[in-house]
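A quick write-up on the structure given underneath.
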Amino acid sequence: MAEFNEFLEMGGYAAFVWPSYLVSAVVLTLLVVFSVRRLRRIERDLKPFEERRQARRNRTRSSRTEPLNDT
Amino acid sequence: MAIDFHKYANPTRFLRLASAVFPWVTGAAVLLLVTGLYMGLFVAPEDYQQGETVRIMFVHVPAAWMGMSVYTMMAVSAAAGLIWKHPVADLSAKAAAPIGACFTLLALVTGALWGQPMWGTYWVWDARLTSMLILLFLYLGYMALWGSFDDHSKAARAAAILVLVGAINIPVIKFSVDWWNTLHQPASVATLDGPKIHGSILTPLLVMGAAYMMLFLSVFIIRVKAEIMDRRLQIMKISQLQE
Amino acid sequence: MSLTATDLTCIRGDRLVFDKAALSLSAGQALWVKGKNGAGKTSLLRVVAGLLKPARGSVCWNGIDIREDPDAYQGHCHYIGHQDALKPVLTARENLTFWSTYAGVSRVAEALEIFELSRIADMPAGILSAGQKKRTNLARLVASPAPLWILDEPISSLDTHYIRLFADCLAAHLKDGGMALFATHQDLQVDGVGYLDLNGGGTRE
Amino acid sequence: MMAGFLGLVRRELLLAFRQGSALTLTLAFFVIAVTLFPLGVGPELNILQRIGPGVLWVGALLSCLLTLDRMFQADFEDGSLDLLMIGRVPVELVVLAKVVSHWLTSILPLILITPLLAVSLNMPFDGIVAMEFALLLGSPALSLIGSVGAGLTVGLRRGGVLLSLMVLPLYIPVLIFGVAAVEAAIAVLPMASHLSLLAAMSLGALVVCPVAAAAALRLAVD
């Protein structure tokens, strides 16, 4: 157990080493979380448009025979 | 009459490549982070001069590296966007800016935390910290410029001009700040370079550097994908308006 | 001297403004750009003037794309926009003198004379009425000759007398081998003017 | 072409003198900003002498920013910018004419009044001489870099704030070597290298900035 405490103390510099790791972890996780949430939000907003476009494409495809390349 | 200019803003090739690479990059990032932290915190010996505070270097130096290399990458993609008009280039510069800004901010914070035990104050106008601070301003200026345009393609070109002018100025700023620092160099301050880095410290540093690079790539892919989808969303909203 | 534009597509802020617009003008010809509001008349004029970059298609002056070799085209056309490009602090004469010397040849007195501005020539442009400001702006067309006139709503805020006066001016310009491309809501009754209907995207003589 | 260029500069100067406010605005701001420092820092002359060069240079930088965003904005609003873009004079020269007139109307007055303020900050005579040279050599870079910022923010809402955020970081090298030149003169050390660096920055800006500003203006009218 003592060894663990000694590790925690960081030779007396615990007040500097741990905060710098903590800040790094917090900032990077926030960055990832916000980025992923933004992507989810945009995909959610895009869903109705995609479905409408798909529906329109199916209608036109059924009325026409030649294949429609999807850009 | 509405032409289908999704081609204009829908680079599926990039999306396919990105989603293929994404799992590998994220996996590598996690793996490298874990090994880097383990080596940095447990394996690396403490430094004879700085003691345990040298471990801060493992989060400070990679962040500084990334802060600078992301800005360079933005300048290159901005140039590509202006010259070859490739829509993904503009989007990738816009997507990378916040990540670069985060890394620069981390470099500043961890630099200050590292400086305190050595110099007794949190902020010392050390040449590298000052250059990092100026780099952060350049990032903020870039992101603020994006925010103040409503027309996307104009914002892209304006931001590209700014990041290129900024990139041309970075060496001049770096030179003048370094020179300015030596002019006002207080006598006995050990600069951030610290002791000559030997093996046991260097390897965790390089592993952490690679980990930060992979982390950048994975967040970058997420953000670029979001930017591309956002462009498609705007275009769809407007073309819906027109029908 | 000829101006041709082929397959012009203009996109403004992700909005398609017009598509596959085409036109051609040679000496002595004029084209009236028609279309309802928002059809992109102003955008078309700005594209032809070289201010707006078309998403697709090209504008050629004497066969050379104006984007590739701007020097050949710059200075050869007058652009009259919605705004009057007058500095309120300077007098009408000073404004005209600046723009004409800027373009090279300066015939300010004659221009003031034609547009009946001599009486107010030395008053600060800021206190002129909208009609007087528009006439001062139009006087630029005469103060320094240029082969191509690109006019966006040139006769808005003019009364019938001055509309007639401007129409004669335009007719004289065409007779001298000049060219004009203009968008307006009233018919100028100048003969030999084709028109371009932006809604349909095609041109009819 | 040259007639057009000179005509544009003459018009800008005429406008500046007709609307006297632009001229006095910058001067008044510079004087007030500099006099704030002794009030804030305290009247001890040796402190003032120590911070004098820095205060004057930061003051000059900020005052130059004030009139920057009007450099193209006024022409954008009344439609002149469109005509300037398609006129006979290439856009890069139009930018240069604007920079020259901005320098003459905004920065030259600062340089002329600096000796007065330098005395109030207890700056020795050769420091003042160095300050004048440094300002003369370094300030063109301020106008040139500023013109790029002004071009990028034409037509934007709250463009002024954005302009300073973008441009100030790029002013730092000029600030550092400007102050260094004056401090070297005060300490009777050679300052030729600092002045030559300032001149180099201005010349470098002369090459890069008109092209960048012209590209930005093409964007604004697009």
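Chain identifiers are assigned as A, B, and so on, following the order in which chains appear in the structure tokens; residues are numbered from 1 within each chain, and ligands are numbered from 1 in order of appearance.
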
Item to check | Shell of 6 Å around Ser106 (chain C), only C-alpha atoms, local chain residues under 4 positions omitted, as a PyMOL selection string | outcome: chain C and resi 100-101+143-144

What does the file look like for those residues with C-alpha atoms, as an mmCIF file, in the first residue's frame?
```
data_model
loop_
_atom_site.group_PDB
_atom_site.id
_atom_site.type_symbol
_atom_site.label_atom_id
_atom_site.label_comp_id
_atom_site.auth_asym_id
_atom_site.auth_seq_id
_atom_site.Cartn_x
_atom_site.Cartn_y
_atom_site.Cartn_z
ATOM 1 C CA SER C 100 -13.404 59.578 -65.409
ATOM 2 C CA THR C 101 -9.715 60.266 -64.752
ATOM 3 C CA ALA C 143 -17.796 61.187 -69.000
ATOM 4 C CA SER C 144 -15.443 58.399 -70.026
#
```

Next on the checklist: Show me, as a PyMOL selection string, the residues of chain A whose atoms get within 10 Å of chain B, using only C-alpha atoms for the distance check.
Outcome noted: chain A and resi 7+9-25+27-28+30-43+45-47+49-50+53+70-71

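Here CA of Gly40 (chain C) is placed at a distance of 26.7 Å from CA of Tyr162 (chain C).
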
Item to check | chain B residues near chain D (10 Å cut-off, only C-alpha atoms) as an MDAnalysis selection string | outcome: chainID B and resid 133:142 144:145 148:150 153:155 157:166 168:170 172:177 179:180 183

Since we have the selection now, will you write its residues out, keeping N, CA, C and O atoms, as a short mmCIF file (atom, residue, chain, number, x, y, z; two decimals), in the first residue's frame?
```
data_model
loop_
_atom_site.label_atom_id
_atom_site.label_comp_id
_atom_site.auth_asym_id
_atom_site.auth_seq_id
_atom_site.Cartn_x
_atom_site.Cartn_y
_atom_site.Cartn_z
N LEU B 133 0.99 30.64 -27.19
CA LEU B 133 -0.14 31.53 -26.91
C LEU B 133 -0.55 32.24 -28.20
O LEU B 133 -1.74 32.32 -28.55
N ILE B 134 0.43 32.71 -28.96
CA ILE B 134 0.13 33.42 -30.22
C ILE B 134 -0.54 32.45 -31.20
O ILE B 134 -1.52 32.80 -31.88
N LEU B 135 -0.05 31.21 -31.20
CA LEU B 135 -0.66 30.21 -32.09
C LEU B 135 -2.13 30.01 -31.72
O LEU B 135 -3.00 29.90 -32.58
N LEU B 136 -2.41 30.04 -30.41
CA LEU B 136 -3.80 29.88 -29.97
C LEU B 136 -4.64 31.04 -30.51
O LEU B 136 -5.77 30.84 -31.00
N PHE B 137 -4.07 32.26 -30.49
CA PHE B 137 -4.82 33.41 -31.04
C PHE B 137 -5.10 33.20 -32.53
O PHE B 137 -6.19 33.49 -33.02
N LEU B 138 -4.11 32.66 -33.24
CA LEU B 138 -4.32 32.43 -34.68
C LEU B 138 -5.47 31.44 -34.88
O LEU B 138 -6.32 31.62 -35.75
N TYR B 139 -5.51 30.40 -34.04
CA TYR B 139 -6.62 29.43 -34.15
C TYR B 139 -7.95 30.13 -33.88
O TYR B 139 -8.92 29.98 -34.62
N LEU B 140 -7.98 30.93 -32.81
CA LEU B 140 -9.26 31.58 -32.44
C LEU B 140 -9.70 32.51 -33.57
O LEU B 140 -10.87 32.54 -33.95
N GLY B 141 -8.73 33.27 -34.14
CA GLY B 141 -9.06 34.17 -35.24
C GLY B 141 -9.64 33.38 -36.41
O GLY B 141 -10.64 33.76 -37.01
N TYR B 142 -9.04 32.23 -36.71
CA TYR B 142 -9.50 31.39 -37.83
C TYR B 142 -10.93 30.93 -37.58
O TYR B 142 -11.82 31.07 -38.43
N ALA B 144 -13.13 32.19 -35.54
CA ALA B 144 -14.07 33.33 -35.49
C ALA B 144 -14.42 33.77 -36.92
O ALA B 144 -15.57 34.10 -37.20
N LEU B 145 -13.46 33.70 -37.83
CA LEU B 145 -13.74 34.12 -39.21
C LEU B 145 -14.79 33.21 -39.82
O LEU B 145 -15.74 33.66 -40.46
N SER B 148 -18.32 34.13 -38.88
CA SER B 148 -18.99 35.39 -39.21
C SER B 148 -19.42 35.45 -40.67
O SER B 148 -19.76 36.50 -41.17
N PHE B 149 -19.35 34.33 -41.39
CA PHE B 149 -19.87 34.35 -42.77
C PHE B 149 -21.15 33.51 -42.79
O PHE B 149 -21.23 32.49 -42.11
N ASP B 150 -22.13 33.90 -43.62
CA ASP B 150 -23.25 32.97 -43.75
C ASP B 150 -23.12 32.19 -45.05
O ASP B 150 -23.61 31.08 -45.17
N SER B 153 -19.19 29.01 -49.10
CA SER B 153 -18.00 28.96 -49.98
C SER B 153 -17.17 30.22 -49.78
O SER B 153 -15.94 30.18 -49.86
N LYS B 154 -17.82 31.37 -49.47
CA LYS B 154 -17.01 32.58 -49.21
C LYS B 154 -16.22 32.40 -47.91
O LYS B 154 -15.05 32.75 -47.83
N ALA B 155 -16.89 31.80 -46.90
CA ALA B 155 -16.19 31.59 -45.62
C ALA B 155 -14.95 30.72 -45.85
O ALA B 155 -13.88 31.00 -45.32
N ARG B 157 -13.12 30.32 -48.55
CA ARG B 157 -12.00 31.01 -49.22
C ARG B 157 -11.37 32.05 -48.31
O ARG B 157 -10.15 32.21 -48.24
N ALA B 158 -12.22 32.77 -47.54
CA ALA B 158 -11.67 33.80 -46.64
C ALA B 158 -10.78 33.13 -45.59
O ALA B 158 -9.66 33.57 -45.31
N ALA B 159 -11.28 32.03 -45.03
CA ALA B 159 -10.50 31.34 -43.99
C ALA B 159 -9.19 30.82 -44.59
O ALA B 159 -8.14 30.87 -43.94
N ALA B 160 -9.26 30.38 -45.83
CA ALA B 160 -8.04 29.85 -46.46
C ALA B 160 -7.01 30.97 -46.59
O ALA B 160 -5.83 30.79 -46.27
N ILE B 161 -7.47 32.15 -47.01
CA ILE B 161 -6.53 33.28 -47.14
C ILE B 161 -5.91 33.58 -45.78
O ILE B 161 -4.69 33.73 -45.65
N LEU B 162 -6.75 33.60 -44.72
CA LEU B 162 -6.23 33.96 -43.39
C LEU B 162 -5.19 32.94 -42.93
O LEU B 162 -4.12 33.30 -42.46
N VAL B 163 -5.49 31.64 -43.11
CA VAL B 163 -4.57 30.63 -42.57
C VAL B 163 -3.27 30.64 -43.37
O VAL B 163 -2.19 30.43 -42.83
N LEU B 164 -3.35 31.00 -44.67
CA LEU B 164 -2.11 31.07 -45.46
C LEU B 164 -1.28 32.27 -45.02
O LEU B 164 -0.06 32.15 -44.81
N VAL B 165 -1.93 33.42 -44.85
CA VAL B 165 -1.18 34.60 -44.38
C VAL B 165 -0.60 34.31 -43.00
O VAL B 165 0.56 34.63 -42.71
N GLY B 166 -1.39 33.62 -42.16
CA GLY B 166 -0.90 33.25 -40.82
C GLY B 166 0.31 32.35 -40.94
O GLY B 166 1.32 32.55 -40.26
N ILE B 168 2.47 32.05 -43.31
CA ILE B 168 3.67 32.77 -43.77
C ILE B 168 4.29 33.52 -42.60
O ILE B 168 5.50 33.63 -42.45
N ASN B 169 3.43 34.01 -41.68
CA ASN B 169 3.95 34.82 -40.58
C ASN B 169 4.51 33.99 -39.44
O ASN B 169 5.26 34.52 -38.62
N ILE B 170 4.14 32.70 -39.37
CA ILE B 170 4.56 31.91 -38.19
C ILE B 170 6.08 31.89 -38.02
O ILE B 170 6.59 32.18 -36.93
N VAL B 172 8.22 34.07 -38.87
CA VAL B 172 8.66 35.40 -38.44
C VAL B 172 8.32 35.60 -36.96
O VAL B 172 9.14 36.07 -36.16
N ILE B 173 7.09 35.17 -36.60
CA ILE B 173 6.68 35.32 -35.20
C ILE B 173 7.59 34.48 -34.31
O ILE B 173 8.12 34.95 -33.28
N LYS B 174 7.83 33.22 -34.75
CA LYS B 174 8.66 32.31 -33.94
C LYS B 174 10.04 32.93 -33.74
O LYS B 174 10.53 33.03 -32.63
N PHE B 175 10.61 33.43 -34.83
CA PHE B 175 11.96 34.00 -34.75
C PHE B 175 11.97 35.20 -33.81
O PHE B 175 12.79 35.30 -32.89
N SER B 176 10.98 36.08 -33.98
CA SER B 176 11.04 37.30 -33.18
C SER B 176 10.77 36.98 -31.71
O SER B 176 11.40 37.55 -30.82
N VAL B 177 9.87 36.02 -31.44
CA VAL B 177 9.59 35.71 -30.03
C VAL B 177 10.81 35.05 -29.39
O VAL B 177 11.23 35.39 -28.28
N TRP B 179 13.89 35.44 -30.26
CA TRP B 179 14.92 36.46 -30.10
C TRP B 179 14.56 37.38 -28.93
O TRP B 179 15.35 37.68 -28.06
N TRP B 180 13.27 37.73 -28.86
CA TRP B 180 12.80 38.61 -27.79
C TRP B 180 13.05 37.95 -26.44
O TRP B 180 13.43 38.60 -25.47
N LEU B 183 16.60 38.24 -25.43
CA LEU B 183 16.95 39.61 -25.03
C LEU B 183 16.62 39.82 -23.56
O LEU B 183 17.39 40.36 -22.79
#
```

Next on the checklist: Could you go through region 17-168 of chain C and tell me which residues DSSP, when run on the backbone, assigns to helix (DSSP H, G or I), listing them as an MDAnalysis selection string?
Outcome noted: chainID C and resid 41:49 70:73 92:103 108:114 118:120 125:127 130:143 160:168

Next on the checklist: Excluding Leu3 (chain C) and its own-chain neighbours fewer than 2 positions away, which residues fall within 9 Å of it when counting only C-alpha atoms? Please give them as a list in words.
Outcome noted: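 Result of the neighbour search: Met1, Ala5, Leu23, Ser24, Leu25, Ser26, Val48, Val59, Cys60, Trp61, Asn62, Gly63, Leu148 and Met179 of chain C.
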
For the interface of chain B with chain C (cut-off 7 Å, counting only C-alpha atoms), please tabulate each contacting residue of chain B alongside its nearest pair of atoms and their separation in Å to one decimal, rows sorted by chain and increasing number, as CSV.
```
residue,atom,partner,partner_atom,distance
B:Ala2,CA,C:Leu16,CA,6.9
B:Asp151,CA,C:Gly13,CA,4.6
B:His152,CA,C:Gly13,CA,6.4
B:Ile235,CA,C:Asp14,CA,5.9
B:Ile238,CA,C:Arg15,CA,6.4
```

Write to file, as a short mmCIF file (atom, residue, chain, number, x, y, z; two decimals), in the first residue's frame, the residues of the selection just made, with all heavy atoms.
```cif
data_model
loop_
_atom_site.label_atom_id
_atom_site.label_comp_id
_atom_site.auth_asym_id
_atom_site.auth_seq_id
_atom_site.Cartn_x
_atom_site.Cartn_y
_atom_site.Cartn_z
N ALA B 2 -33.58 22.51 -60.88
CA ALA B 2 -32.49 22.50 -59.88
C ALA B 2 -31.49 21.42 -60.27
O ALA B 2 -31.84 20.25 -60.34
CB ALA B 2 -33.09 22.20 -58.50
N ASP B 151 -22.38 32.71 -46.03
CA ASP B 151 -22.20 31.97 -47.27
C ASP B 151 -21.00 31.04 -47.11
O ASP B 151 -19.88 31.47 -46.88
CB ASP B 151 -21.97 32.98 -48.41
CG ASP B 151 -21.66 32.26 -49.72
OD1 ASP B 151 -21.29 31.08 -49.69
OD2 ASP B 151 -21.79 32.89 -50.78
N HIS B 152 -21.24 29.72 -47.23
CA HIS B 152 -20.20 28.75 -46.88
C HIS B 152 -18.97 28.89 -47.78
O HIS B 152 -17.85 28.94 -47.31
CB HIS B 152 -20.75 27.32 -47.00
CG HIS B 152 -19.69 26.28 -46.76
ND1 HIS B 152 -18.90 25.77 -47.78
CD2 HIS B 152 -19.23 25.72 -45.62
CE1 HIS B 152 -18.04 24.90 -47.27
NE2 HIS B 152 -18.20 24.87 -45.95
N ILE B 235 -27.58 22.15 -48.10
CA ILE B 235 -27.97 22.19 -49.52
C ILE B 235 -29.36 21.60 -49.68
O ILE B 235 -30.20 22.13 -50.40
CB ILE B 235 -26.91 21.42 -50.36
CG1 ILE B 235 -25.60 22.21 -50.37
CG2 ILE B 235 -27.41 21.18 -51.78
CD1 ILE B 235 -24.44 21.46 -50.92
N ILE B 238 -31.97 24.04 -48.60
CA ILE B 238 -32.18 25.13 -49.56
C ILE B 238 -32.87 24.61 -50.81
O ILE B 238 -33.81 25.22 -51.31
CB ILE B 238 -30.82 25.79 -49.90
CG1 ILE B 238 -30.34 26.59 -48.68
CG2 ILE B 238 -30.95 26.69 -51.12
CD1 ILE B 238 -28.94 27.09 -48.78
#
```

Item to check | Interface residues on chain C facing chain D, 8 Å, only C-alpha atoms, written as a list in words | outcome: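 Output check: Ala49, Gly50, Leu51, Leu52, Lys53, Asp71, Gln74, Gly75, His76, Tyr79, Gly81, His82, Gln83, Asp84, Ala85, Leu86, Lys87, Val89, Leu90, Phe98, Thr101, Tyr102, Ala103 and Gly104 of chain C.
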
Export of prior selection with N, CA and C atoms as a short mmCIF file (atom, residue, chain, number, x, y, z; two decimals), in the first residue's frame:
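As written to disk, again.cif reads:
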```cif
data_model
loop_
_atom_site.label_atom_id
_atom_site.label_comp_id
_atom_site.auth_asym_id
_atom_site.auth_seq_id
_atom_site.Cartn_x
_atom_site.Cartn_y
_atom_site.Cartn_z
N ALA C 49 -20.01 41.35 -65.69
CA ALA C 49 -19.07 42.46 -65.39
C ALA C 49 -17.75 41.91 -64.83
N GLY C 50 -17.75 40.65 -64.42
CA GLY C 50 -16.52 40.07 -63.89
C GLY C 50 -16.44 40.19 -62.38
N LEU C 51 -17.52 40.64 -61.72
CA LEU C 51 -17.50 40.77 -60.26
C LEU C 51 -17.80 39.43 -59.60
N LEU C 52 -18.71 38.68 -60.22
CA LEU C 52 -19.19 37.44 -59.60
C LEU C 52 -18.59 36.26 -60.36
N LYS C 53 -18.13 35.27 -59.62
CA LYS C 53 -17.53 34.11 -60.29
C LYS C 53 -18.65 33.12 -60.59
N ASP C 71 -6.98 41.58 -67.59
CA ASP C 71 -6.52 42.90 -68.02
C ASP C 71 -7.14 43.29 -69.35
N GLN C 74 -10.75 44.44 -68.31
CA GLN C 74 -10.99 45.47 -67.28
C GLN C 74 -10.91 46.86 -67.88
N GLY C 75 -11.80 47.72 -67.45
CA GLY C 75 -11.77 49.09 -67.94
C GLY C 75 -12.53 49.26 -69.23
N HIS C 76 -13.00 48.15 -69.81
CA HIS C 76 -13.74 48.29 -71.08
C HIS C 76 -15.23 48.34 -70.84
N TYR C 79 -20.18 49.76 -65.25
CA TYR C 79 -21.18 48.99 -64.49
C TYR C 79 -21.98 49.99 -63.67
N GLY C 81 -24.69 49.95 -60.88
CA GLY C 81 -25.37 49.03 -59.97
C GLY C 81 -26.51 49.72 -59.25
N HIS C 82 -27.06 49.04 -58.24
CA HIS C 82 -28.13 49.65 -57.46
C HIS C 82 -27.60 50.86 -56.71
N GLN C 83 -26.34 50.75 -56.23
CA GLN C 83 -25.81 51.91 -55.48
C GLN C 83 -25.15 52.89 -56.44
N ASP C 84 -25.01 54.14 -56.02
CA ASP C 84 -24.59 55.18 -56.96
C ASP C 84 -23.09 55.45 -56.93
N ALA C 85 -22.35 54.79 -56.08
CA ALA C 85 -20.88 54.96 -56.05
C ALA C 85 -20.48 56.41 -55.95
N LEU C 86 -21.24 57.21 -55.17
CA LEU C 86 -20.88 58.63 -55.01
C LEU C 86 -20.44 58.86 -53.58
N LYS C 87 -19.39 59.64 -53.42
CA LYS C 87 -18.96 59.96 -52.05
C LYS C 87 -19.75 61.20 -51.61
N VAL C 89 -19.40 63.38 -49.46
CA VAL C 89 -18.64 64.59 -49.09
C VAL C 89 -18.14 65.32 -50.34
N LEU C 90 -17.94 64.58 -51.43
CA LEU C 90 -17.41 65.23 -52.65
C LEU C 90 -18.58 65.77 -53.47
N PHE C 98 -13.25 62.21 -60.65
CA PHE C 98 -12.43 61.09 -60.16
C PHE C 98 -12.65 59.85 -61.03
N THR C 101 -11.19 60.33 -64.65
CA THR C 101 -9.72 60.27 -64.75
C THR C 101 -9.25 58.86 -64.39
N TYR C 102 -9.97 58.21 -63.48
CA TYR C 102 -9.60 56.83 -63.10
C TYR C 102 -9.68 55.92 -64.32
N ALA C 103 -10.69 56.20 -65.20
CA ALA C 103 -10.86 55.34 -66.37
C ALA C 103 -9.98 55.83 -67.52
N GLY C 104 -9.41 57.04 -67.42
CA GLY C 104 -8.50 57.46 -68.49
C GLY C 104 -8.97 58.74 -69.14
#
```

Checklist entry - region 94-190 of chain C: which residues are strand (DSSP E) by DSSP, as a list in words? => result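 Going through region 94-190 of chain C, the strand (DSSP E) residues come out as Leu148, Trp149, Ile150, Leu151, Asp152, Met179, Ala180, Leu181, Phe182 and Ala183 of chain C.
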
For those residues, write C-alpha atoms to a file as a compact mmCIF listing (two decimals), in the first residue's frame.
```txt
# COMPACT_ATOMS: atom_id res chain seq x y z
CA LEU C 148 -19.78 47.91 -73.02
CA TRP C 149 -22.46 49.25 -70.67
CA ILE C 150 -23.79 46.92 -67.98
CA LEU C 151 -26.78 48.63 -66.36
CA ASP C 152 -28.77 47.30 -63.41
CA MET C 179 -22.92 47.49 -76.63
CA ALA C 180 -25.25 47.34 -73.65
CA LEU C 181 -26.69 44.75 -71.31
CA PHE C 182 -29.33 46.07 -69.00
CA ALA C 183 -32.06 44.95 -66.63
```

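For the pair CA of Asp126 (chain D) and CA of Ala185 (chain D), the interatomic distance is 6.2 Å.
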
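Among the candidates C:Lys36, C:Arg135, C:Arg46, C:Lys41, the residue lying nearest to His78 (chain C) is C:Arg46 (atoms considered: only C-alpha atoms).
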